[in-house]
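Student: Input coords_21.txt, format and content: compact mmCIF, C-alpha atoms.
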```txt
# COMPACT_ATOMS: atom_id res chain seq x y z
CA MET S 1 -17.69 -43.45 -18.98
CA SER S 2 -18.78 -39.94 -19.94
CA SER S 3 -19.12 -41.39 -23.45
CA GLN S 4 -22.27 -42.91 -21.89
CA ALA S 5 -24.12 -39.74 -22.77
CA ASN S 6 -26.09 -40.10 -25.97
CA PRO S 7 -26.47 -37.14 -28.32
CA VAL S 8 -29.62 -35.12 -27.60
CA LYS S 9 -31.09 -36.34 -30.92
CA VAL S 10 -31.27 -39.89 -29.50
CA TYR S 11 -33.29 -38.76 -26.45
CA ILE S 12 -35.75 -36.88 -28.66
CA ARG S 13 -36.17 -39.93 -30.91
CA VAL S 14 -36.78 -42.25 -27.94
CA PHE S 15 -39.29 -39.72 -26.57
CA ILE S 16 -41.20 -39.59 -29.88
CA ALA S 17 -41.21 -43.41 -30.02
CA LEU S 18 -42.64 -43.48 -26.46
CA LEU S 19 -45.43 -41.07 -27.42
CA VAL S 20 -46.28 -43.05 -30.58
CA LEU S 21 -46.47 -46.26 -28.51
CA LEU S 22 -48.68 -44.49 -25.94
CA PHE S 23 -51.21 -43.40 -28.55
CA LEU S 24 -51.07 -46.85 -30.14
CA THR S 25 -52.07 -48.50 -26.80
CA VAL S 26 -54.89 -46.02 -26.25
CA ALA S 27 -56.18 -46.54 -29.83
CA LEU S 28 -56.00 -50.32 -29.46
CA ALA S 29 -57.87 -50.21 -26.15
CA PHE S 30 -60.79 -48.49 -27.91
CA VAL S 31 -61.20 -51.18 -30.58
CA PRO S 32 -64.87 -52.14 -30.11
CA THR S 33 -65.12 -55.90 -29.68
CA ARG S 34 -67.26 -58.15 -27.56
CA HIS S 35 -65.26 -61.20 -28.57
CA GLU S 36 -63.58 -62.67 -25.48
CA THR S 37 -60.45 -63.91 -27.30
CA ALA S 38 -60.02 -60.64 -29.22
CA ARG S 39 -60.34 -58.66 -25.98
CA ASN S 40 -57.73 -60.82 -24.24
CA LEU S 41 -55.44 -60.42 -27.26
CA LEU S 42 -55.83 -56.62 -27.10
CA THR S 43 -54.97 -56.65 -23.37
CA THR S 44 -51.87 -58.77 -24.09
CA ILE S 45 -50.79 -56.37 -26.86
CA GLY S 46 -51.41 -53.43 -24.49
CA PHE S 47 -49.04 -54.83 -21.86
CA THR S 48 -46.49 -55.84 -24.51
CA ILE S 49 -46.43 -52.20 -25.63
CA ALA S 50 -45.99 -51.11 -21.99
CA GLY S 51 -43.05 -53.54 -21.76
CA THR S 52 -41.54 -52.13 -24.95
CA LYS S 53 -41.83 -48.60 -23.53
CA ALA S 54 -40.11 -49.75 -20.32
CA VAL S 55 -37.27 -51.33 -22.33
CA LEU S 56 -36.80 -48.10 -24.34
CA ILE S 57 -36.59 -46.07 -21.10
CA ILE S 58 -34.21 -48.54 -19.44
CA LEU S 59 -31.86 -48.87 -22.43
CA TRP S 60 -31.59 -45.22 -23.44
CA PHE S 61 -32.87 -42.89 -20.71
CA MET S 62 -31.27 -45.01 -17.98
CA HIS S 63 -28.12 -45.66 -20.08
CA VAL S 64 -28.13 -49.43 -19.55
CA LYS S 65 -27.40 -49.92 -23.26
CA ALA S 66 -24.03 -48.19 -22.83
CA GLY S 67 -23.55 -49.62 -19.32
CA THR S 68 -21.13 -52.30 -18.16
CA ARG S 69 -22.09 -55.97 -18.12
CA LEU S 70 -22.49 -55.87 -14.35
CA THR S 71 -25.07 -53.07 -14.76
CA TRP S 72 -26.93 -55.25 -17.27
CA ILE S 73 -27.07 -58.11 -14.77
CA PHE S 74 -28.26 -55.85 -11.92
CA ALA S 75 -30.92 -54.24 -14.12
CA ALA S 76 -32.12 -57.52 -15.62
CA SER S 77 -32.13 -59.61 -12.42
CA ALA S 78 -34.98 -57.66 -10.80
CA PHE S 79 -37.23 -58.26 -13.79
CA VAL S 80 -36.19 -61.91 -14.11
CA TRP S 81 -37.26 -62.56 -10.50
CA LEU S 82 -40.48 -60.67 -11.17
CA LEU S 83 -41.11 -62.92 -14.17
CA ILE S 84 -40.64 -66.04 -11.98
CA LEU S 85 -43.01 -64.57 -9.36
CA PHE S 86 -45.69 -63.98 -12.00
CA ALA S 87 -45.17 -67.23 -13.92
CA LEU S 88 -45.41 -69.52 -10.89
CA THR S 89 -48.33 -67.71 -9.25
CA MET S 90 -50.43 -67.33 -12.39
CA ASN S 91 -49.62 -70.93 -13.31
CA ASP S 92 -51.55 -71.85 -10.18
CA TYR S 93 -54.52 -69.48 -10.52
CA MET S 94 -55.03 -69.98 -14.26
CA THR S 95 -55.15 -73.78 -14.05
CA ARG S 96 -57.33 -74.19 -10.94
CA LYS S 97 -60.46 -74.83 -12.99
CA GLU S 98 -58.78 -77.63 -14.97
CA ILE S 99 -57.39 -79.26 -11.83
CA ALA S 100 -60.79 -79.01 -10.15
CA ASN S 101 -62.41 -80.68 -13.17
CA VAL S 102 -59.92 -83.54 -13.12
CA TYR S 103 -60.33 -84.26 -9.41
CA ARG S 104 -64.00 -83.24 -9.29
CA VAL S 105 -63.50 -80.78 -6.43
CA PRO S 106 -65.27 -77.42 -6.23
CA THR S 107 -63.32 -74.51 -7.78
CA VAL S 108 -61.67 -72.22 -5.23
CA ARG S 109 -61.86 -68.53 -6.04
CA ALA S 110 -59.30 -66.07 -4.70
CA GLY S 111 -60.61 -64.48 -1.54
CA SER S 112 -63.44 -67.00 -1.26
CA MET S 113 -62.42 -67.65 2.35
CA ASN S 114 -64.06 -64.32 3.18
CA ASP S 115 -67.09 -65.03 1.02
CA ALA S 116 -69.37 -65.76 3.97
CA ARG S 117 -72.58 -64.02 3.02
CA MET H 1 -1.09 -40.97 6.22
CA THR H 2 -3.57 -38.23 5.31
CA GLU H 3 -0.98 -36.63 3.07
CA LEU H 4 -0.40 -39.94 1.35
CA ALA H 5 -4.12 -40.37 0.72
CA THR H 6 -4.31 -36.86 -0.69
CA ASP H 7 -1.37 -37.63 -2.94
CA LEU H 8 -2.99 -40.78 -4.22
CA HIS H 9 -6.32 -39.02 -4.77
CA PRO H 10 -5.81 -35.53 -6.04
CA ASN H 11 -9.46 -35.51 -7.14
CA LYS H 12 -11.61 -34.29 -4.24
CA ALA H 13 -14.76 -35.94 -5.64
CA LEU H 14 -13.14 -39.37 -5.48
CA ALA H 15 -13.88 -41.29 -2.26
CA HIS H 16 -10.76 -42.81 -0.69
CA HIS H 17 -11.83 -46.43 -1.20
CA PHE H 18 -12.10 -46.19 -4.99
CA THR H 19 -9.24 -46.40 -7.48
CA ASP H 20 -10.62 -43.94 -10.01
CA MET H 21 -13.77 -42.07 -11.04
CA PRO H 22 -15.15 -44.69 -13.48
CA GLN H 23 -14.92 -47.33 -10.72
CA GLN H 24 -16.70 -45.03 -8.29
CA ARG H 25 -19.35 -44.20 -10.90
CA GLU H 26 -20.03 -47.89 -11.60
CA ALA H 27 -20.33 -48.68 -7.88
CA VAL H 28 -22.81 -45.82 -7.43
CA THR H 29 -24.83 -46.93 -10.47
CA LEU H 30 -24.94 -50.54 -9.26
CA GLY H 31 -26.04 -49.41 -5.80
CA MET H 32 -28.93 -47.49 -7.32
CA TRP H 33 -29.94 -50.44 -9.50
CA LEU H 34 -29.89 -52.66 -6.42
CA PHE H 35 -32.30 -50.24 -4.71
CA LEU H 36 -34.46 -50.16 -7.85
CA ALA H 37 -34.56 -53.98 -7.78
CA THR H 38 -36.16 -53.79 -4.32
CA GLU H 39 -38.61 -51.24 -5.75
CA VAL H 40 -39.45 -53.65 -8.58
CA MET H 41 -40.26 -56.25 -5.91
CA LEU H 42 -42.42 -53.75 -3.97
CA PHE H 43 -44.50 -52.66 -6.95
CA GLY H 44 -44.26 -56.13 -8.55
CA ALA H 45 -46.00 -57.78 -5.59
CA ILE H 46 -48.91 -55.32 -5.80
CA PHE H 47 -49.11 -55.81 -9.57
CA LEU H 48 -49.19 -59.58 -9.00
CA ALA H 49 -52.05 -59.29 -6.50
CA TYR H 50 -53.85 -57.06 -9.01
CA THR H 51 -53.32 -59.61 -11.80
CA VAL H 52 -54.65 -62.49 -9.68
CA TYR H 53 -57.82 -60.61 -8.75
CA ARG H 54 -58.35 -59.26 -12.25
CA HIS H 55 -58.17 -62.86 -13.48
CA GLN H 56 -60.65 -64.02 -10.82
CA TYR H 57 -63.08 -61.07 -10.92
CA PHE H 58 -62.70 -60.34 -14.63
CA ASP H 59 -66.10 -58.75 -15.35
CA SER H 60 -66.31 -56.70 -12.15
CA PHE H 61 -62.80 -55.28 -12.69
CA ARG H 62 -63.78 -54.38 -16.26
CA ALA H 63 -66.90 -52.60 -15.07
CA ALA H 64 -64.94 -50.78 -12.35
CA GLY H 65 -62.13 -49.73 -14.72
CA GLY H 66 -64.74 -48.07 -16.92
CA HIS H 67 -65.29 -45.44 -14.21
CA LEU H 68 -61.78 -44.01 -14.67
CA PHE H 69 -61.13 -41.24 -17.19
CA VAL H 70 -58.86 -42.38 -20.03
CA SER H 71 -58.31 -38.72 -20.99
CA PHE H 72 -56.76 -37.90 -17.58
CA GLY H 73 -54.60 -41.02 -17.72
CA THR H 74 -53.38 -40.37 -21.27
CA ILE H 75 -52.53 -36.71 -20.63
CA ASN H 76 -50.74 -37.66 -17.42
CA THR H 77 -48.70 -40.32 -19.23
CA CYS H 78 -47.64 -37.66 -21.79
CA VAL H 79 -46.71 -35.26 -18.98
CA LEU H 80 -44.66 -37.89 -17.14
CA LEU H 81 -42.86 -39.04 -20.31
CA THR H 82 -41.99 -35.37 -21.00
CA SER H 83 -40.62 -34.97 -17.47
CA SER H 84 -38.52 -38.10 -18.08
CA LEU H 85 -37.15 -36.51 -21.27
CA MET H 86 -36.27 -33.37 -19.27
CA MET H 87 -34.50 -35.56 -16.70
CA ALA H 88 -32.53 -37.31 -19.48
CA LEU H 89 -31.51 -33.89 -20.83
CA ALA H 90 -30.48 -32.78 -17.31
CA VAL H 91 -28.25 -35.85 -16.98
CA HIS H 92 -26.88 -35.12 -20.45
CA ALA H 93 -26.03 -31.57 -19.35
CA ALA H 94 -24.41 -33.01 -16.21
CA HIS H 95 -22.16 -35.27 -18.32
CA GLN H 96 -20.94 -32.12 -20.07
CA GLY H 97 -20.53 -30.21 -16.81
CA ASP H 98 -23.01 -27.50 -17.83
CA SER H 99 -24.43 -26.40 -14.45
CA LYS H 100 -26.81 -23.80 -15.89
CA LYS H 101 -28.47 -26.41 -18.11
CA ILE H 102 -28.68 -28.89 -15.22
CA VAL H 103 -30.61 -26.32 -13.16
CA ARG H 104 -32.91 -25.48 -16.10
CA TYR H 105 -33.76 -29.08 -17.02
CA VAL H 106 -34.09 -30.29 -13.42
CA LEU H 107 -36.53 -27.44 -12.71
CA LEU H 108 -38.49 -28.41 -15.86
CA THR H 109 -38.53 -32.04 -14.61
CA ILE H 110 -39.97 -30.84 -11.30
CA LEU H 111 -42.49 -28.64 -13.14
CA PHE H 112 -43.83 -31.53 -15.25
CA GLY H 113 -43.89 -33.72 -12.13
CA ALA H 114 -45.98 -31.04 -10.39
CA ILE H 115 -48.36 -30.84 -13.37
CA PHE H 116 -48.76 -34.64 -13.17
CA LEU H 117 -49.57 -34.51 -9.44
CA GLY H 118 -51.97 -31.60 -10.03
CA ILE H 119 -53.91 -33.57 -12.65
CA LYS H 120 -53.88 -36.62 -10.35
CA MET H 121 -55.30 -34.56 -7.46
CA THR H 122 -58.07 -33.21 -9.72
CA GLU H 123 -58.87 -36.78 -10.66
CA TYR H 124 -58.96 -37.87 -7.01
CA VAL H 125 -61.45 -35.05 -6.27
CA ILE H 126 -63.70 -36.23 -9.12
CA ASP H 127 -63.36 -39.85 -7.96
CA THR H 128 -64.37 -38.79 -4.45
CA ARG H 129 -67.42 -36.90 -5.75
CA GLU H 130 -68.49 -39.96 -7.71
CA GLY H 131 -68.24 -42.01 -4.52
CA LEU H 132 -65.42 -44.21 -5.79
CA VAL H 133 -63.21 -44.06 -2.69
CA PRO H 134 -63.48 -47.57 -1.20
CA LEU H 135 -63.98 -46.40 2.40
CA ASN H 136 -67.19 -46.67 4.36
CA GLY H 137 -69.03 -43.40 3.98
CA TRP H 138 -67.22 -42.55 0.72
CA TRP H 139 -68.09 -45.57 -1.37
CA LYS H 140 -71.33 -45.38 -3.37
CA ALA H 141 -72.72 -48.78 -4.37
CA GLN H 142 -71.86 -49.24 -8.05
CA SER H 143 -73.92 -52.36 -8.60
CA PRO H 144 -77.11 -53.77 -7.06
CA ASP H 145 -75.37 -57.15 -6.93
CA LEU H 146 -73.58 -57.27 -3.55
CA ARG H 147 -70.82 -59.58 -4.85
CA VAL H 148 -70.11 -57.46 -7.96
CA ASP H 149 -70.17 -54.30 -5.86
CA ARG H 150 -67.58 -55.71 -3.47
CA GLU H 151 -65.34 -56.86 -6.32
CA MET H 152 -65.54 -53.39 -7.94
CA ARG H 153 -64.61 -51.91 -4.58
CA LEU H 154 -61.51 -54.12 -4.58
CA PHE H 155 -60.49 -52.69 -7.97
CA PHE H 156 -60.59 -49.22 -6.45
CA VAL H 157 -58.55 -50.38 -3.45
CA PHE H 158 -55.88 -51.35 -6.00
CA TYR H 159 -56.35 -48.11 -7.94
CA PHE H 160 -55.85 -45.87 -4.90
CA THR H 161 -53.06 -47.95 -3.33
CA MET H 162 -51.04 -48.12 -6.54
CA THR H 163 -51.51 -44.51 -7.68
CA LEU H 164 -50.94 -43.11 -4.16
CA LEU H 165 -47.77 -45.17 -3.70
CA HIS H 166 -46.63 -43.90 -7.11
CA ALA H 167 -47.49 -40.30 -6.16
CA ILE H 168 -45.50 -40.65 -2.91
CA HIS H 169 -42.50 -41.85 -4.94
CA MET H 170 -42.88 -38.84 -7.22
CA THR H 171 -43.06 -36.42 -4.29
CA ILE H 172 -39.86 -37.87 -2.82
CA GLY H 173 -38.22 -37.68 -6.26
CA MET H 174 -39.21 -34.03 -6.64
CA ALA H 175 -37.76 -33.19 -3.22
CA ILE H 176 -34.45 -34.85 -4.17
CA LEU H 177 -34.50 -33.05 -7.54
CA ALA H 178 -34.94 -29.71 -5.75
CA VAL H 179 -31.76 -30.44 -3.75
CA ILE H 180 -29.97 -31.44 -6.99
CA ALA H 181 -31.04 -28.14 -8.60
CA TRP H 182 -29.74 -26.22 -5.57
CA PHE H 183 -26.39 -28.10 -5.68
CA ALA H 184 -26.09 -27.49 -9.43
CA HIS H 185 -26.83 -23.81 -8.84
CA ARG H 186 -23.98 -23.78 -6.28
CA LYS H 187 -21.74 -25.41 -8.96
CA ARG H 188 -21.30 -28.62 -6.97
CA PHE H 189 -21.14 -30.77 -10.12
CA SER H 190 -18.61 -30.99 -12.93
CA ALA H 191 -18.04 -33.13 -16.04
CA GLU H 192 -15.94 -35.34 -13.73
CA ASP H 193 -18.30 -35.51 -10.79
CA TYR H 194 -22.03 -35.76 -11.53
CA ASN H 195 -23.06 -39.03 -9.86
CA PRO H 196 -25.92 -37.58 -7.78
CA VAL H 197 -27.59 -36.22 -10.93
CA ASP H 198 -27.09 -39.53 -12.73
CA VAL H 199 -28.51 -41.62 -9.89
CA THR H 200 -31.50 -39.34 -9.26
CA GLY H 201 -32.19 -39.64 -13.00
CA LEU H 202 -32.30 -43.44 -12.66
CA TYR H 203 -34.82 -43.15 -9.83
CA TRP H 204 -37.01 -40.68 -11.75
CA HIS H 205 -37.06 -42.85 -14.88
CA PHE H 206 -37.97 -45.85 -12.74
CA VAL H 207 -40.98 -44.01 -11.31
CA ASP H 208 -41.93 -43.24 -14.92
CA ILE H 209 -41.72 -46.96 -15.81
CA VAL H 210 -44.06 -47.84 -12.93
CA TRP H 211 -46.65 -45.44 -14.38
CA VAL H 212 -46.15 -46.90 -17.87
CA PHE H 213 -47.50 -50.20 -16.45
CA LEU H 214 -50.11 -48.61 -14.16
CA PHE H 215 -51.72 -46.82 -17.10
CA PRO H 216 -52.87 -49.89 -19.11
CA ALA H 217 -53.57 -51.84 -15.90
CA LEU H 218 -55.99 -49.27 -14.47
CA TYR H 219 -57.22 -46.95 -17.23
CA LEU H 220 -57.43 -49.24 -20.25
CA VAL H 221 -59.50 -52.02 -18.68
CA HIS H 222 -62.73 -50.78 -20.22
CA PRO H 223 -62.05 -47.42 -21.91
CA GLU H 224 -65.05 -47.37 -24.26
CA MET H 225 -67.47 -47.21 -21.32
CA HIS H 226 -67.36 -43.40 -21.20
CA LEU H 227 -67.87 -43.10 -24.95
CA PHE H 228 -70.81 -45.44 -25.36
CA LYS H 229 -72.56 -44.92 -22.03
```
What does the file become when written as structure tokens?
Tutor:
Amino acid sequence: MSSQANPVKVYIRVFIALLVLLFLTVALAFVPTRHETARNLLTTIGFTIAGTKAVLIILWFMHVKAGTRLTWIFAASAFVWLLILFALTMNDYMTRKEIANVYRVPTVRAGSMNDAR
Amino acid sequence: MTELATDLHPNKALAHHFTDMPQQREAVTLGMWLFLATEVMLFGAIFLAYTVYRHQYFDSFRAAGGHLFVSFGTINTCVLLTSSLMMALAVHAAHQGDSKKIVRYVLLTILFGAIFLGIKMTEYVIDTREGLVPLNGWWKAQSPDLRVDREMRLFFVFYFTMTLLHAIHMTIGMAILAVIAWFAHRKRFSAEDYNPVDVTGLYWHFVDIVWVFLFPALYLVHPEMHLFK
């Protein structure tokens, strides 16, 4: 298992890749646009880059790439459950307007229970 | 009985219930990943709440995010990525049983962690001066619209909760790293037996990953606000 250790060169390369991705996200975030769709696209790309950085860290810095299959399952399972948590919850919140339109009920905003003003 | 156990396990680092070192190492690694899975759930739930409210209060969150300094966030991300590299090099040294290098790289990891926390503290002081702490008496109204103001306040509740929770994780990590450095200095580790270094490395990299997601979530919501104000 001590063959797990990558040569130092690999760590430096991963580190440089992480820095390049960081500056790419920052640059993308500064793209001046008032277009709603373009802005949403930039946000999506921003989080995709964050995900890529996380994968680089997990595979090389955390040695999952050279790990056993059981390590892969343990490492992946947490994020799979997180994905389910996000998918099901956002599936609800992002479609509330459409459902409200179909059934002609007023849209419910998150936290609107405390909206007494 | 004790003699038999000693015969079966001439390696002192090997716990009696494991067959050999690789098996012990895998068990330790899996245990750490299991703990990290619970950490993913902890931070994941807060990220989910953040996502829901950002979706609902889109414009207010954007306006609030503009009050954070992208420069601080970017520099801090660089610092934390560098500390992660140092940690990776420390683990690499541990695999080769080089105690001197372990001490050197672990101390560098702690140093970069301390720089990160220092920058974060400076930022908190500036945030406080600008009245961005969402507590009564600290919070300065950011918008004449009561609803928008309250939604912006919520963004800062998320900002402080998430970054403080992250900072607490870093502080704990630095304390553990200090112990690791002390053990390495006392030559506790060898090329055979370096699990504590390995596992602490996993924890430190995980804390780094949390920040990798915090950065775009908090700092890059509306970065051009400072430039074009």
Student: Distance cut-off 9 Å, counting all atoms listed in the file - which residues of chain S neighbour chain H? Return them as an mmCIF file with C-alpha atoms, keeping the file's coordinate frame.
Tutor:
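The result, written out as out.cif:
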```cif
data_model
loop_
_atom_site.group_PDB
_atom_site.id
_atom_site.type_symbol
_atom_site.label_atom_id
_atom_site.label_comp_id
_atom_site.auth_asym_id
_atom_site.auth_seq_id
_atom_site.Cartn_x
_atom_site.Cartn_y
_atom_site.Cartn_z
ATOM 1 C CA MET S 1 -17.690 -43.450 -18.980
ATOM 2 C CA SER S 2 -18.780 -39.940 -19.940
ATOM 3 C CA SER S 3 -19.120 -41.390 -23.450
ATOM 4 C CA GLN S 4 -22.270 -42.910 -21.890
ATOM 5 C CA ALA S 5 -24.120 -39.740 -22.770
ATOM 6 C CA ASN S 6 -26.090 -40.100 -25.970
ATOM 7 C CA PRO S 7 -26.470 -37.140 -28.320
ATOM 8 C CA VAL S 8 -29.620 -35.120 -27.600
ATOM 9 C CA TYR S 11 -33.290 -38.760 -26.450
ATOM 10 C CA ILE S 12 -35.750 -36.880 -28.660
ATOM 11 C CA VAL S 14 -36.780 -42.250 -27.940
ATOM 12 C CA PHE S 15 -39.290 -39.720 -26.570
ATOM 13 C CA LEU S 18 -42.640 -43.480 -26.460
ATOM 14 C CA LEU S 19 -45.430 -41.070 -27.420
ATOM 15 C CA LEU S 22 -48.680 -44.490 -25.940
ATOM 16 C CA PHE S 23 -51.210 -43.400 -28.550
ATOM 17 C CA THR S 25 -52.070 -48.500 -26.800
ATOM 18 C CA VAL S 26 -54.890 -46.020 -26.250
ATOM 19 C CA ALA S 29 -57.870 -50.210 -26.150
ATOM 20 C CA PHE S 30 -60.790 -48.490 -27.910
ATOM 21 C CA VAL S 31 -61.200 -51.180 -30.580
ATOM 22 C CA PRO S 32 -64.870 -52.140 -30.110
ATOM 23 C CA THR S 43 -54.970 -56.650 -23.370
ATOM 24 C CA GLY S 46 -51.410 -53.430 -24.490
ATOM 25 C CA PHE S 47 -49.040 -54.830 -21.860
ATOM 26 C CA ALA S 50 -45.990 -51.110 -21.990
ATOM 27 C CA GLY S 51 -43.050 -53.540 -21.760
ATOM 28 C CA LYS S 53 -41.830 -48.600 -23.530
ATOM 29 C CA ALA S 54 -40.110 -49.750 -20.320
ATOM 30 C CA ILE S 57 -36.590 -46.070 -21.100
ATOM 31 C CA ILE S 58 -34.210 -48.540 -19.440
ATOM 32 C CA TRP S 60 -31.590 -45.220 -23.440
ATOM 33 C CA PHE S 61 -32.870 -42.890 -20.710
ATOM 34 C CA MET S 62 -31.270 -45.010 -17.980
ATOM 35 C CA HIS S 63 -28.120 -45.660 -20.080
ATOM 36 C CA GLY S 67 -23.550 -49.620 -19.320
ATOM 37 C CA THR S 68 -21.130 -52.300 -18.160
ATOM 38 C CA LEU S 70 -22.490 -55.870 -14.350
ATOM 39 C CA THR S 71 -25.070 -53.070 -14.760
ATOM 40 C CA PHE S 74 -28.260 -55.850 -11.920
ATOM 41 C CA ALA S 75 -30.920 -54.240 -14.120
ATOM 42 C CA ALA S 76 -32.120 -57.520 -15.620
ATOM 43 C CA SER S 77 -32.130 -59.610 -12.420
ATOM 44 C CA ALA S 78 -34.980 -57.660 -10.800
ATOM 45 C CA PHE S 79 -37.230 -58.260 -13.790
ATOM 46 C CA TRP S 81 -37.260 -62.560 -10.500
ATOM 47 C CA LEU S 82 -40.480 -60.670 -11.170
ATOM 48 C CA LEU S 85 -43.010 -64.570 -9.360
ATOM 49 C CA PHE S 86 -45.690 -63.980 -12.000
ATOM 50 C CA THR S 89 -48.330 -67.710 -9.250
ATOM 51 C CA MET S 90 -50.430 -67.330 -12.390
ATOM 52 C CA TYR S 93 -54.520 -69.480 -10.520
ATOM 53 C CA MET S 94 -55.030 -69.980 -14.260
ATOM 54 C CA ARG S 109 -61.860 -68.530 -6.040
ATOM 55 C CA ALA S 110 -59.300 -66.070 -4.700
ATOM 56 C CA GLY S 111 -60.610 -64.480 -1.540
ATOM 57 C CA ASP S 115 -67.090 -65.030 1.020
#
```
Student: Just give me the gap between atom CA of Trp139 of chain H and atom CA of Ile75 of chain H in Å, one decimal is fine.
Tutor: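 Pair atom CA of Trp139 of chain H / atom CA of Ile75 of chain H returns 26.3 Å.
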Student: Find the distance between atom CA of Val179 of chain H and atom CA of Val64 of chain S and write it in Å to one decimal.
Tutor: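 Between atom CA of Val179 of chain H and atom CA of Val64 of chain S the gap works out to 25.0 Å.
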Student: Could you jot down the atom CA of Met121 of chain H to atom CA of Ile176 of chain H separation for me, Å, one decimal place?
Tutor: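 These atoms are spaced 21.1 Å apart.
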Student: Can you tell me which residues surround Arg150 of chain H at a distance of at most 12 Å, considering only C-alpha atoms, apart from same-chain residues fewer than 6 positions away, and format the answer as a list in words?
Tutor: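 The residues that qualify are Gly111, Asn114, Asp115 and Arg117 of chain S; Tyr57, Ser60, Phe61, Ala64, Leu132, Pro134, Leu135, Asn136, Trp139, Lys140, Ala141, Gln142, Ser143, Pro144, Phe156 and Val157 of chain H.
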Student: For the residues in the current selection, export C-alpha atoms as a PDB file, keeping the file's coordinate frame.
Tutor:
```
ATOM      1  CA  GLY S 111     -60.610 -64.480  -1.540  1.00  0.00           C
ATOM      2  CA  ASN S 114     -64.060 -64.320   3.180  1.00  0.00           C
ATOM      3  CA  ASP S 115     -67.090 -65.030   1.020  1.00  0.00           C
ATOM      4  CA  ARG S 117     -72.580 -64.020   3.020  1.00  0.00           C
TER       5      ARG S 117
ATOM      6  CA  TYR H  57     -63.080 -61.070 -10.920  1.00  0.00           C
ATOM      7  CA  SER H  60     -66.310 -56.700 -12.150  1.00  0.00           C
ATOM      8  CA  PHE H  61     -62.800 -55.280 -12.690  1.00  0.00           C
ATOM      9  CA  ALA H  64     -64.940 -50.780 -12.350  1.00  0.00           C
ATOM     10  CA  LEU H 132     -65.420 -44.210  -5.790  1.00  0.00           C
ATOM     11  CA  PRO H 134     -63.480 -47.570  -1.200  1.00  0.00           C
ATOM     12  CA  LEU H 135     -63.980 -46.400   2.400  1.00  0.00           C
ATOM     13  CA  ASN H 136     -67.190 -46.670   4.360  1.00  0.00           C
ATOM     14  CA  TRP H 139     -68.090 -45.570  -1.370  1.00  0.00           C
ATOM     15  CA  LYS H 140     -71.330 -45.380  -3.370  1.00  0.00           C
ATOM     16  CA  ALA H 141     -72.720 -48.780  -4.370  1.00  0.00           C
ATOM     17  CA  GLN H 142     -71.860 -49.240  -8.050  1.00  0.00           C
ATOM     18  CA  SER H 143     -73.920 -52.360  -8.600  1.00  0.00           C
ATOM     19  CA  PRO H 144     -77.110 -53.770  -7.060  1.00  0.00           C
ATOM     20  CA  PHE H 156     -60.590 -49.220  -6.450  1.00  0.00           C
ATOM     21  CA  VAL H 157     -58.550 -50.380  -3.450  1.00  0.00           C
TER      22      VAL H 157
END
```
Student: From the set S:Ile73, S:Ala66, S:Leu56, S:Leu28, which residue has the shortest atom-to-atom contact distance to Ile16 of chain S, counting all atoms listed in the file?
Tutor: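 Of all the options, S:Leu56 lies closest to Ile16 of chain S.
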